[in-house]
file query-v2.cif (mmCIF, C-alpha atoms)
data_query
loop_
_atom_site.label_atom_id
_atom_site.label_comp_id
_atom_site.auth_asym_id
_atom_site.auth_seq_id
_atom_site.Cartn_x
_atom_site.Cartn_y
_atom_site.Cartn_z
CA MET A 1 -2.65 -26.36 -20.55
CA GLU A 2 -1.13 -28.41 -17.73
CA VAL A 3 0.92 -26.34 -15.28
CA GLU A 4 4.46 -27.64 -14.99
CA ALA A 5 6.80 -27.36 -12.02
CA ALA A 6 9.80 -25.16 -12.47
CA SER A 7 13.10 -25.03 -10.66
CA GLY A 8 13.83 -21.58 -9.34
CA SER A 9 16.40 -19.46 -7.64
CA ALA A 10 17.16 -19.99 -3.99
CA GLY A 11 15.40 -16.74 -3.06
CA GLU A 12 12.15 -17.66 -4.76
CA ILE A 13 12.10 -21.12 -3.23
CA ARG A 14 12.92 -19.82 0.26
CA TRP A 15 9.79 -17.67 0.33
CA SER A 16 7.63 -20.55 1.54
CA LYS A 17 10.26 -21.59 4.10
CA LEU A 18 9.93 -18.41 6.13
CA GLY A 19 7.63 -19.97 8.71
CA THR A 20 5.69 -22.99 9.76
CA SER A 21 2.48 -23.86 11.59
CA LEU A 22 1.93 -26.58 14.16
CA PRO A 23 -0.51 -29.31 13.10
CA VAL A 24 -3.95 -29.06 14.72
CA ALA A 25 -7.34 -30.67 14.19
CA ASN A 26 -9.10 -30.12 10.89
CA VAL A 27 -12.04 -27.81 11.60
CA GLN A 28 -14.21 -29.11 8.78
CA ALA A 29 -13.83 -32.61 10.23
CA LEU A 30 -14.61 -31.32 13.73
CA VAL A 31 -17.87 -29.86 12.48
CA ALA A 32 -18.76 -33.14 10.80
CA SER A 33 -18.29 -34.93 14.14
CA ALA A 34 -19.76 -32.19 16.32
CA GLY A 35 -21.44 -34.66 18.64
CA GLU A 36 -18.03 -36.03 19.61
CA LEU A 37 -16.38 -32.69 20.46
CA THR A 38 -14.92 -32.47 23.96
CA ALA A 39 -15.07 -29.40 26.18
CA ASP A 40 -11.29 -28.97 25.86
CA GLN A 41 -11.48 -29.05 22.06
CA ILE A 42 -14.22 -26.42 22.01
CA GLU A 43 -12.42 -24.21 24.52
CA ARG A 44 -9.40 -23.80 22.24
CA TYR A 45 -11.60 -21.93 19.74
CA VAL A 46 -13.45 -19.64 22.16
CA GLN A 47 -12.12 -16.07 21.79
CA PRO A 48 -12.50 -14.21 25.10
CA ASP A 49 -12.14 -10.68 23.64
CA ILE A 50 -14.38 -11.13 20.63
CA ASP A 51 -16.91 -8.56 21.95
CA ALA A 52 -14.34 -6.00 23.12
CA HIS A 53 -15.31 -3.55 20.37
CA ALA A 54 -18.65 -2.64 18.83
CA VAL A 55 -19.77 -4.00 15.45
CA LEU A 56 -21.41 -1.37 13.23
CA PRO A 57 -23.24 -3.08 10.35
CA GLU A 58 -24.93 0.20 9.40
CA HIS A 59 -21.57 1.33 7.96
CA SER A 60 -20.99 -1.79 5.84
CA GLY A 61 -21.90 -0.01 2.63
CA GLU A 62 -19.32 2.75 3.11
CA VAL A 63 -16.22 0.83 1.98
CA PRO A 64 -14.88 2.84 -1.00
CA VAL A 65 -15.47 1.50 -4.51
CA ILE A 66 -12.84 2.13 -7.20
CA ASP A 67 -13.81 1.72 -10.85
CA LEU A 68 -10.75 0.53 -12.77
CA SER A 69 -12.27 1.64 -16.06
CA ASN A 70 -12.35 5.20 -14.72
CA LEU A 71 -8.67 4.98 -13.78
CA LEU A 72 -7.88 3.90 -17.32
CA SER A 73 -9.91 6.69 -18.94
CA PRO A 74 -8.18 10.08 -19.54
CA GLU A 75 -11.48 11.84 -18.90
CA SER A 76 -12.02 10.39 -15.43
CA VAL A 77 -8.59 9.36 -14.19
CA GLU A 78 -7.91 12.37 -11.96
CA ALA A 79 -11.22 12.11 -10.10
CA GLU A 80 -10.79 8.35 -9.66
CA VAL A 81 -7.18 8.76 -8.45
CA ALA A 82 -8.48 11.15 -5.81
CA LYS A 83 -10.95 8.47 -4.70
CA LEU A 84 -8.15 5.91 -4.61
CA ARG A 85 -5.98 8.22 -2.51
CA PHE A 86 -8.86 8.69 -0.06
CA ALA A 87 -9.49 4.94 0.09
CA CYS A 88 -5.85 4.12 0.86
CA ALA A 89 -5.42 6.92 3.39
CA GLU A 90 -8.75 6.77 5.21
CA TRP A 91 -9.87 3.15 4.90
CA GLY A 92 -6.95 0.96 3.84
CA PHE A 93 -9.53 -1.14 1.97
CA PHE A 94 -11.42 -0.64 -1.28
CA GLN A 95 -13.57 -2.65 -3.67
CA VAL A 96 -12.46 -2.76 -7.31
CA VAL A 97 -15.13 -3.04 -10.00
CA ASN A 98 -14.63 -3.37 -13.76
CA HIS A 99 -11.34 -5.05 -12.86
CA GLY A 100 -10.98 -6.70 -16.25
CA ILE A 101 -10.55 -10.31 -15.11
CA PRO A 102 -12.62 -12.48 -17.48
CA ASP A 103 -15.82 -13.96 -16.05
CA GLU A 104 -14.74 -17.47 -17.01
CA VAL A 105 -11.55 -17.12 -14.93
CA ILE A 106 -13.52 -15.98 -11.87
CA THR A 107 -16.12 -18.70 -12.37
CA GLY A 108 -13.44 -21.36 -12.80
CA ILE A 109 -11.50 -20.57 -9.62
CA LYS A 110 -14.70 -20.28 -7.58
CA HIS A 111 -15.98 -23.63 -8.82
CA ASP A 112 -12.73 -25.49 -8.22
CA ILE A 113 -12.13 -24.08 -4.73
CA GLN A 114 -15.60 -25.17 -3.69
CA LYS A 115 -15.05 -28.63 -5.19
CA PHE A 116 -11.66 -29.01 -3.48
CA PHE A 117 -13.02 -28.34 0.00
CA GLN A 118 -15.81 -30.83 -0.66
CA LEU A 119 -13.29 -33.63 -1.22
CA PRO A 120 -12.82 -36.29 1.49
CA LEU A 121 -10.32 -35.33 4.17
CA GLU A 122 -7.90 -38.08 3.18
CA VAL A 123 -7.74 -36.68 -0.36
CA LYS A 124 -7.09 -33.14 0.84
CA ASN A 125 -4.48 -34.38 3.31
CA ALA A 126 -2.38 -35.56 0.38
CA TYR A 127 -1.48 -31.86 0.11
CA ALA A 128 -0.99 -31.31 3.84
CA GLN A 129 1.51 -28.78 5.16
CA ARG A 130 4.93 -30.16 5.94
CA PRO A 131 7.18 -28.96 8.80
CA GLY A 132 9.09 -25.84 7.87
CA ASP A 133 6.84 -24.85 4.97
CA LEU A 134 3.99 -22.34 4.80
CA GLN A 135 2.39 -24.06 1.83
CA GLY A 136 -0.18 -26.80 1.79
CA TYR A 137 -3.49 -27.79 3.33
CA GLY A 138 -3.94 -27.09 7.04
CA GLN A 139 -3.97 -24.00 9.24
CA ALA A 140 -1.78 -20.95 9.70
CA PHE A 141 -0.06 -19.04 12.51
CA VAL A 142 -0.30 -21.88 15.04
CA VAL A 143 2.92 -21.42 17.03
CA SER A 144 2.08 -22.94 20.42
CA ASP A 145 0.09 -25.82 21.88
CA ASP A 146 -2.04 -23.58 24.09
CA GLN A 147 -2.97 -20.61 21.88
CA LYS A 148 -6.51 -19.91 20.76
CA LEU A 149 -7.29 -21.37 17.35
CA ASP A 150 -9.16 -20.00 14.36
CA TRP A 151 -12.29 -21.72 13.03
CA SER A 152 -11.00 -22.37 9.52
CA ASP A 153 -8.95 -24.59 7.23
CA LEU A 154 -6.86 -23.38 4.32
CA LEU A 155 -4.85 -24.28 1.28
CA ALA A 156 -1.79 -22.05 0.79
CA LEU A 157 0.31 -21.98 -2.38
CA PHE A 158 3.25 -19.97 -3.64
CA ALA A 159 2.15 -18.97 -7.14
CA GLN A 160 4.48 -16.27 -8.52
CA PRO A 161 7.08 -16.18 -9.82
CA THR A 162 6.59 -19.60 -11.32
CA GLN A 163 10.18 -20.66 -10.55
CA GLY A 164 9.33 -20.77 -6.86
CA ARG A 165 6.38 -23.16 -7.12
CA ASP A 166 6.34 -26.54 -5.42
CA MET A 167 3.83 -28.48 -7.49
CA SER A 168 3.55 -31.26 -4.91
CA TYR A 169 1.19 -28.92 -3.04
CA TRP A 170 -0.95 -28.10 -6.08
CA PRO A 171 -4.07 -30.32 -6.02
CA SER A 172 -4.79 -32.45 -9.07
CA GLN A 173 -8.44 -32.72 -7.96
CA PRO A 174 -10.65 -31.36 -9.29
CA HIS A 175 -8.86 -32.00 -12.57
CA THR A 176 -9.18 -28.38 -13.71
CA PHE A 177 -7.89 -26.89 -10.44
CA ARG A 178 -4.26 -26.36 -11.42
CA ASN A 179 -5.21 -24.55 -14.60
CA SER A 180 -7.81 -22.45 -12.75
CA ILE A 181 -5.18 -21.38 -10.22
CA GLU A 182 -2.71 -20.58 -13.00
CA ASP A 183 -5.20 -18.47 -14.94
CA TYR A 184 -6.44 -16.59 -11.90
CA SER A 185 -2.92 -15.99 -10.58
CA MET A 186 -1.73 -14.51 -13.87
CA GLU A 187 -4.76 -12.23 -14.14
CA LEU A 188 -4.15 -10.98 -10.60
CA MET A 189 -0.52 -10.20 -11.39
CA LYS A 190 -1.69 -7.94 -14.23
CA LEU A 191 -4.30 -6.31 -11.99
CA ALA A 192 -1.78 -5.73 -9.19
CA GLN A 193 0.57 -4.07 -11.68
CA THR A 194 -2.19 -1.72 -12.84
CA ILE A 195 -3.29 -0.83 -9.31
CA ASN A 196 0.30 -0.18 -8.27
CA VAL A 197 0.79 2.29 -11.12
CA PHE A 198 -2.12 4.33 -9.79
CA ILE A 199 -1.07 3.96 -6.15
CA ALA A 200 2.24 5.49 -7.20
CA LYS A 201 0.29 8.32 -8.81
CA THR A 202 -1.62 8.93 -5.56
CA LEU A 203 1.72 9.23 -3.74
CA ASP A 204 3.20 11.48 -6.46
CA VAL A 205 6.12 9.12 -7.03
CA ALA A 206 7.39 7.40 -10.17
CA PRO A 207 5.68 4.04 -10.85
CA GLU A 208 9.13 2.48 -11.27
CA LEU A 209 9.72 2.90 -7.53
CA LEU A 210 6.88 0.46 -6.84
CA ALA A 211 7.56 -1.90 -9.74
CA ASP A 212 9.30 -4.59 -7.65
CA LYS A 213 6.95 -4.41 -4.67
CA HIS A 214 4.35 -6.91 -5.90
CA VAL A 215 6.37 -9.42 -7.94
CA ALA A 216 5.83 -12.43 -5.65
CA GLN A 217 2.39 -13.85 -4.90
CA PHE A 218 1.04 -16.19 -2.25
CA LEU A 219 -2.47 -17.58 -2.55
CA ARG A 220 -4.52 -18.61 0.46
CA MET A 221 -7.82 -20.38 -0.12
CA SER A 222 -9.83 -20.37 3.10
CA TYR A 223 -12.75 -22.50 4.22
CA TYR A 224 -14.79 -21.28 7.21
CA PRO A 225 -17.26 -23.97 8.35
CA PRO A 226 -20.49 -22.95 10.07
CA CYS A 227 -20.56 -23.13 13.83
CA THR A 228 -24.04 -23.85 15.14
CA SER A 229 -23.17 -24.11 18.83
CA MET A 230 -21.21 -20.89 19.41
CA PRO A 231 -20.93 -18.69 16.28
CA LYS A 232 -20.56 -15.52 18.37
CA LYS A 233 -17.63 -16.95 20.34
CA VAL A 234 -15.28 -18.09 17.56
CA LEU A 235 -13.40 -16.36 14.76
CA GLY A 236 -12.41 -17.64 11.34
CA PHE A 237 -9.33 -15.43 11.42
CA SER A 238 -8.05 -13.48 14.42
CA PRO A 239 -7.60 -9.69 14.14
CA HIS A 240 -4.50 -8.84 12.12
CA SER A 241 -3.08 -6.68 9.38
CA ASP A 242 -1.46 -8.28 6.33
CA GLY A 243 2.31 -8.60 6.11
CA SER A 244 2.09 -8.02 2.35
CA PHE A 245 2.48 -4.97 0.14
CA MET A 246 -1.05 -5.40 -1.17
CA THR A 247 -3.70 -8.10 -0.81
CA ILE A 248 -6.49 -8.91 -3.28
CA LEU A 249 -9.47 -10.92 -2.02
CA LEU A 250 -12.17 -12.75 -3.95
CA GLU A 251 -15.28 -13.89 -2.09
CA ILE A 252 -16.20 -17.34 -3.35
CA ASN A 253 -19.79 -17.71 -2.15
CA SER A 254 -20.84 -14.24 -0.94
CA VAL A 255 -21.38 -15.23 2.70
CA GLN A 256 -20.58 -12.21 4.86
CA GLY A 257 -17.85 -12.61 7.46
CA LEU A 258 -15.01 -10.15 6.90
CA GLN A 259 -14.89 -7.18 9.28
CA ILE A 260 -12.42 -4.28 9.23
CA ARG A 261 -11.33 -2.12 12.14
CA ARG A 262 -12.26 1.53 11.84
CA SER A 263 -12.42 4.20 14.53
CA GLY A 264 -12.28 1.59 17.27
CA ALA A 265 -15.18 -0.49 15.92
CA TRP A 266 -15.65 -3.40 13.51
CA ILE A 267 -17.27 -2.68 10.15
CA PRO A 268 -18.70 -5.72 8.30
CA VAL A 269 -17.79 -5.77 4.61
CA LYS A 270 -20.74 -6.61 2.40
CA PRO A 271 -19.56 -8.89 -0.44
CA ARG A 272 -20.09 -7.58 -3.97
CA PRO A 273 -20.28 -10.29 -6.64
CA ASP A 274 -18.84 -7.92 -9.24
CA ALA A 275 -15.88 -6.75 -7.18
CA LEU A 276 -12.50 -7.73 -5.79
CA LEU A 277 -11.50 -6.39 -2.39
CA VAL A 278 -8.05 -4.80 -2.13
CA ASN A 279 -6.28 -3.81 1.07
CA VAL A 280 -3.10 -2.00 2.03
CA GLY A 281 -0.47 -4.27 3.56
CA ASP A 282 2.14 -3.49 6.22
CA LEU A 283 4.85 -3.01 3.60
CA LEU A 284 2.86 -0.33 1.78
CA GLU A 285 2.32 1.43 5.11
CA ILE A 286 6.10 1.48 5.58
CA LEU A 287 6.77 2.61 2.01
CA SER A 288 4.21 5.43 2.28
CA ASN A 289 5.66 6.50 5.64
CA GLY A 290 2.29 5.90 7.27
CA LYS A 291 0.21 7.90 4.80
CA TYR A 292 -1.57 4.67 3.90
CA LYS A 293 -2.45 2.33 6.76
CA SER A 294 -2.66 -1.43 6.82
CA ILE A 295 -5.93 -2.02 8.63
CA GLU A 296 -6.73 -4.73 11.15
CA HIS A 297 -9.39 -7.14 9.97
CA ARG A 298 -10.93 -10.37 11.17
CA VAL A 299 -13.35 -13.03 9.96
CA THR A 300 -16.50 -13.92 11.86
CA ILE A 301 -18.38 -17.20 11.53
CA ASN A 302 -21.90 -17.88 10.32
CA ALA A 303 -24.07 -20.22 12.37
CA HIS A 304 -25.52 -22.06 9.37
CA LYS A 305 -23.50 -21.26 6.23
CA GLU A 306 -19.94 -22.01 5.19
CA ARG A 307 -17.82 -19.17 3.82
CA LEU A 308 -15.04 -19.50 1.25
CA SER A 309 -12.56 -16.98 -0.09
CA ILE A 310 -9.20 -16.70 -1.85
CA SER A 311 -6.64 -14.08 -0.84
CA ALA A 312 -3.65 -13.16 -2.97
CA PHE A 313 -0.77 -11.61 -1.02
CA HIS A 314 1.54 -9.59 -3.24
CA VAL A 315 5.00 -9.03 -1.82
CA PRO A 316 8.35 -7.61 -2.99
CA THR A 317 11.39 -9.54 -4.10
CA TYR A 318 12.74 -11.85 -1.40
CA GLY A 319 16.07 -10.12 -0.88
CA GLY A 320 14.72 -6.58 -1.13
CA ILE A 321 14.62 -3.69 1.31
CA ILE A 322 11.46 -1.74 2.11
CA SER A 323 11.66 1.82 3.44
CA PRO A 324 9.74 5.09 3.17
CA ILE A 325 10.05 6.66 -0.29
CA LEU A 326 11.58 10.11 -0.06
CA GLY A 327 8.59 11.73 -1.75
CA THR A 328 6.32 10.52 1.08
CA ILE A 329 8.34 12.02 3.95
CA GLU A 330 6.85 15.39 4.78
CA GLU A 331 8.22 16.05 8.28
CA LYS A 332 10.07 13.05 9.66
CA MET A 333 10.61 9.42 8.80
CA LEU A 334 8.33 7.19 10.88
CA TYR A 335 9.64 3.80 9.76
CA LYS A 336 13.11 2.38 9.38
CA ALA A 337 14.34 0.42 6.40
CA VAL A 338 13.71 -3.31 6.88
CA GLY A 339 14.65 -6.34 4.88
CA VAL A 340 11.71 -8.06 3.22
CA GLU A 341 12.96 -11.46 4.37
CA GLU A 342 13.56 -10.13 7.88
CA TYR A 343 10.05 -8.72 8.18
CA ALA A 344 8.43 -11.82 6.72
CA ARG A 345 10.24 -14.08 9.18
CA LEU A 346 9.04 -11.94 12.08
CA TYR A 347 5.46 -11.87 10.75
CA PHE A 348 5.16 -15.61 10.21
CA ALA A 349 6.91 -16.60 13.44
CA ASN A 350 4.18 -15.22 15.69
CA LYS A 351 0.49 -15.71 16.34
CA LEU A 352 -1.67 -13.11 14.60
CA GLU A 353 -2.05 -10.21 17.00
CA GLY A 354 -3.34 -6.98 15.53
CA LYS A 355 -0.53 -4.89 14.00
CA LYS A 356 2.13 -6.07 16.44
CA ALA A 357 4.58 -7.07 13.69
CA LEU A 358 4.57 -3.53 12.28
CA ASP A 359 5.87 -2.13 15.57
CA TYR A 360 9.22 -3.66 14.67
CA ALA A 361 9.59 -1.29 11.73
CA LYS A 362 8.61 1.88 13.60
CA LEU A 363 11.38 4.22 14.64
CA SER A 364 11.74 4.73 18.40
CA GLY A 365 9.60 7.48 19.81
CA ILE A 366 6.83 6.97 17.24
#

call {"tool": "encode", "arguments": {"input": "query-v2.cif", "output": "structure tokens"}}
result
Amino acid sequence: MEVEAASGSAGEIRWSKLGTSLPVANVQALVASAGELTADQIERYVQPDIDAHAVLPEHSGEVPVIDLSNLLSPESVEAEVAKLRFACAEWGFFQVVNHGIPDEVITGIKHDIQKFFQLPLEVKNAYAQRPGDLQGYGQAFVVSDDQKLDWSDLLALFAQPTQGRDMSYWPSQPHTFRNSIEDYSMELMKLAQTINVFIAKTLDVAPELLADKHVAQFLRMSYYPPCTSMPKKVLGFSPHSDGSFMTILLEINSVQGLQIRRSGAWIPVKPRPDALLVNVGDLLEILSNGKYKSIEHRVTINAHKERLSISAFHVPTYGGIISPILGTIEEKMLYKAVGVEEYARLYFANKLEGKKALDYAKLSGI
């Protein structure tokens, strides 16, 4: 089935117009011409604070694992909900196994993402980002000509609802790519709905209160080239929390790189081929009144291997308001009500910098 473009409401179309990123050099091309790199080019990628906190690989196996089949079973649901509550409150990240997405859908999206990033640069540039739009092939969160840059390239697409798509950004190579994206996107929407029902249960609130919090979906396919000369000095993605309600990540080629911030240190996440990685976004932290935390994470670079992944950012309706749900407020309200559009504009207008964007939503004195 060929995916067709659809004309949508103004709100759906505006989602991708909430920010922009300045054009910078393609990192994959830089790696291919490594012998021609200048000192100034290299310096823009060197992160001075990369070693500011310890890395604890011995804890990489501790990221909670949630079995969706146990959530869906009456015999095991309560015990698994307790594990989910712990994961959201104590880690902000969890791996989901038995997620129900067909193997052929996972295989298809993995294959086509790898094939896309193998295409010649001039072919990929046919889908390049345009000024004033977050979608397309390029980089993200580049807001000044002198900021430090991340060692990665990406393809970003608005996928759901379908009315908001701009098909001029959807690659027609490889020839199966559009259908792979469509199939994977739809499966993720179903998974996000299921997870949200159980997140509501962990918060002891009605699922209907979360029903509109994941209805829009951005996809970001990331390519992290190897860096042989200074892998310990560059980052694929700078430390940040996600400005979403919930993010679902699929590792494409199982090369380790993602690290999450916990107790002042960085914990590497060991990829599981049978799992999807889910994390709490800023908007869920607001809605839960801080019970669930959006956690800073970053991506490190391998000296010899490329890393690929696809992240799906699930966000509320464009014109919505996000605020703590009454059932989550035990003593005092920690976050104010913020417009979804307002928060997204703030998030996308700045360089990634920890959880700085979330400070905007905190009530004074917190």

call {"tool": "closest_residue", "arguments": {"input": "query-v2.cif", "among": "A:Gln217, A:Tyr224, A:Arg178, A:Leu250", "to": "Gln163 of chain A", "atoms": "only C-alpha atoms"}}
result
A:Gln217

call {"tool": "closest_atom_pairs", "arguments": {"input": "query-v2.cif", "of": "segment 78-146 of chain A", "to": "segment 283-291 of chain A", "cutoff": "10 Å", "atoms": "all atoms listed in the file", "output": "CSV"}}
result
residue,atom,partner,partner_atom,distance
A:Arg85,CA,A:Lys291,CA,9.6
A:Cys88,CA,A:Lys291,CA,8.2
A:Ala89,CA,A:Lys291,CA,5.9
A:Glu90,CA,A:Lys291,CA,9.0
A:Gly92,CA,A:Glu285,CA,9.4

call {"tool": "closest_residue", "arguments": {"input": "query-v2.cif", "among": "A:Tyr360, A:Tyr223, A:Trp91, A:Trp151", "to": "Ser238 of chain A", "atoms": "all atoms listed in the file"}}
result
A:Trp151

call {"tool": "atom_distance", "arguments": {"input": "query-v2.cif", "atom1": "atom CA of Val27 of chain A", "atom2": "atom CA of Asn302 of chain A"}}
result
14.1 Å

call {"tool": "closest_residue", "arguments": {"input": "query-v2.cif", "among": "A:Gln135, A:Phe177, A:His304, A:Gln259", "to": "Val31 of chain A", "atoms": "only C-alpha atoms"}}
result
A:His304

call {"tool": "closest_residue", "arguments": {"input": "query-v2.cif", "among": "A:Leu219, A:Ala265, A:Ile181, A:Leu326", "to": "Phe158 of chain A", "atoms": "only C-alpha atoms"}}
result
A:Leu219

call {"tool": "resolve_selection", "arguments": {"input": "query-v2.cif", "expression": "the PyMOL selection byres ((chain A and resi 228) around 12)", "output": "PyMOL selection string"}}
result
chain A and resi 31-32+34-35+225-227+229-234+301-306

call {"tool": "residues_near_point", "arguments": {"input": "query-v2.cif", "point": "(-14.1, 8.9, -3.1)", "cutoff": "12 Å", "atoms": "only C-alpha atoms", "output": "list in words"}}
result
Glu62, Val63, Pro64, Val65, Ile66, Asp67, Glu78, Ala79, Glu80, Val81, Ala82, Lys83, Leu84, Arg85, Phe86, Ala87, Cys88, Ala89, Glu90, Trp91, Phe94 and Gln95 of chain A

call {"tool": "write_last_selection", "arguments": {"input": "query-v2.cif", "atoms": "C-alpha atoms", "output": "short mmCIF file (atom, residue, chain, number, x, y, z; two decimals), in the frame of the given file"}}
result
data_model
loop_
_atom_site.label_atom_id
_atom_site.label_comp_id
_atom_site.auth_asym_id
_atom_site.auth_seq_id
_atom_site.Cartn_x
_atom_site.Cartn_y
_atom_site.Cartn_z
CA GLU A 62 -19.32 2.75 3.11
CA VAL A 63 -16.22 0.83 1.98
CA PRO A 64 -14.88 2.84 -1.00
CA VAL A 65 -15.47 1.50 -4.51
CA ILE A 66 -12.84 2.13 -7.20
CA ASP A 67 -13.81 1.72 -10.85
CA GLU A 78 -7.91 12.37 -11.96
CA ALA A 79 -11.22 12.11 -10.10
CA GLU A 80 -10.79 8.35 -9.66
CA VAL A 81 -7.18 8.76 -8.45
CA ALA A 82 -8.48 11.15 -5.81
CA LYS A 83 -10.95 8.47 -4.70
CA LEU A 84 -8.15 5.91 -4.61
CA ARG A 85 -5.98 8.22 -2.51
CA PHE A 86 -8.86 8.69 -0.06
CA ALA A 87 -9.49 4.94 0.09
CA CYS A 88 -5.85 4.12 0.86
CA ALA A 89 -5.42 6.92 3.39
CA GLU A 90 -8.75 6.77 5.21
CA TRP A 91 -9.87 3.15 4.90
CA PHE A 94 -11.42 -0.64 -1.28
CA GLN A 95 -13.57 -2.65 -3.67
#

call {"tool": "atom_distance", "arguments": {"input": "query-v2.cif", "atom1": "atom CA of Gln41 of chain A", "atom2": "atom CA of Leu149 of chain A"}}
result
9.9 Å

call {"tool": "atom_distance", "arguments": {"input": "query-v2.cif", "atom1": "atom CA of Tyr184 of chain A", "atom2": "atom CA of Gly236 of chain A"}}
result
24.0 Å

call {"tool": "resolve_selection", "arguments": {"input": "query-v2.cif", "expression": "the PyMOL selection byres ((chain A and resi 186) around 12)", "output": "PyMOL selection string"}}
result
chain A and resi 101-102+105+159-162+179-185+187-193+215-217+219+312

call {"tool": "closest_residue", "arguments": {"input": "query-v2.cif", "among": "A:Glu296, A:Glu208, A:Asp103, A:Asp153", "to": "Ser241 of chain A", "atoms": "all atoms listed in the file"}}
result
A:Glu296

call {"tool": "closest_residue", "arguments": {"input": "query-v2.cif", "among": "A:Arg345, A:Arg298, A:Lys332, A:Arg261", "to": "Leu56 of chain A", "atoms": "only C-alpha atoms"}}
result
A:Arg261

call {"tool": "residues_around", "arguments": {"input": "query-v2.cif", "residues": "Gly61 of chain A", "least_positions_apart": "3", "cutoff": "8 Å", "atoms": "only C-alpha atoms", "output": "list in words"}}
result
Glu58, Val269 and Lys270 of chain A

call {"tool": "write_last_selection", "arguments": {"input": "query-v2.cif", "atoms": "C-alpha atoms", "output": "tab-separated table (two decimals), in the frame of the given file"}}
result
chain	number	residue	atom	x	y	z
A	58	GLU	CA	-24.93	0.20	9.40
A	269	VAL	CA	-17.79	-5.77	4.61
A	270	LYS	CA	-20.74	-6.61	2.40

call {"tool": "residues_around", "arguments": {"input": "query-v2.cif", "residues": "Leu22 of chain A", "least_positions_apart": "2", "cutoff": "9 Å", "atoms": "all atoms listed in the file", "output": "PyMOL selection string"}}
result
chain A and resi 20+24+131+139-145

call {"tool": "build_atoms", "arguments": {"input": "query-v2.cif", "residues": "segment 188-192 of chain A", "atoms": "all heavy atoms", "output": "CSV table (one decimal), in the frame of the given file"}}
result
chain,number,residue,atom,x,y,z
A,188,LEU,N,-4.4,-11.8,-11.8
A,188,LEU,CA,-4.2,-11.0,-10.6
A,188,LEU,C,-2.8,-10.2,-10.7
A,188,LEU,O,-2.7,-9.1,-10.2
A,188,LEU,CB,-4.2,-11.8,-9.3
A,188,LEU,CG,-5.6,-12.2,-8.8
A,188,LEU,CD1,-5.4,-12.8,-7.4
A,188,LEU,CD2,-6.5,-11.0,-8.7
A,189,MET,N,-1.8,-10.9,-11.2
A,189,MET,CA,-0.5,-10.2,-11.4
A,189,MET,C,-0.7,-9.0,-12.3
A,189,MET,O,-0.1,-7.9,-12.0
A,189,MET,CB,0.5,-11.1,-12.0
A,189,MET,CG,0.9,-12.3,-11.0
A,189,MET,SD,1.7,-11.7,-9.5
A,189,MET,CE,3.3,-11.2,-10.1
A,190,LYS,N,-1.5,-9.1,-13.3
A,190,LYS,CA,-1.7,-7.9,-14.2
A,190,LYS,C,-2.5,-6.9,-13.5
A,190,LYS,O,-2.2,-5.7,-13.6
A,190,LYS,CB,-2.4,-8.4,-15.5
A,190,LYS,CG,-1.6,-9.3,-16.4
A,190,LYS,CD,-2.3,-9.6,-17.7
A,190,LYS,CE,-3.4,-10.6,-17.6
A,190,LYS,NZ,-4.0,-11.0,-18.9
A,191,LEU,N,-3.5,-7.3,-12.7
A,191,LEU,CA,-4.3,-6.3,-12.0
A,191,LEU,C,-3.5,-5.6,-10.9
A,191,LEU,O,-3.6,-4.4,-10.8
A,191,LEU,CB,-5.5,-7.0,-11.3
A,191,LEU,CG,-6.4,-6.1,-10.5
A,191,LEU,CD1,-7.0,-5.0,-11.3
A,191,LEU,CD2,-7.5,-7.0,-9.8
A,192,ALA,N,-2.6,-6.3,-10.2
A,192,ALA,CA,-1.8,-5.7,-9.2
A,192,ALA,C,-0.8,-4.7,-9.8
A,192,ALA,O,-0.6,-3.6,-9.2
A,192,ALA,CB,-1.0,-6.8,-8.5
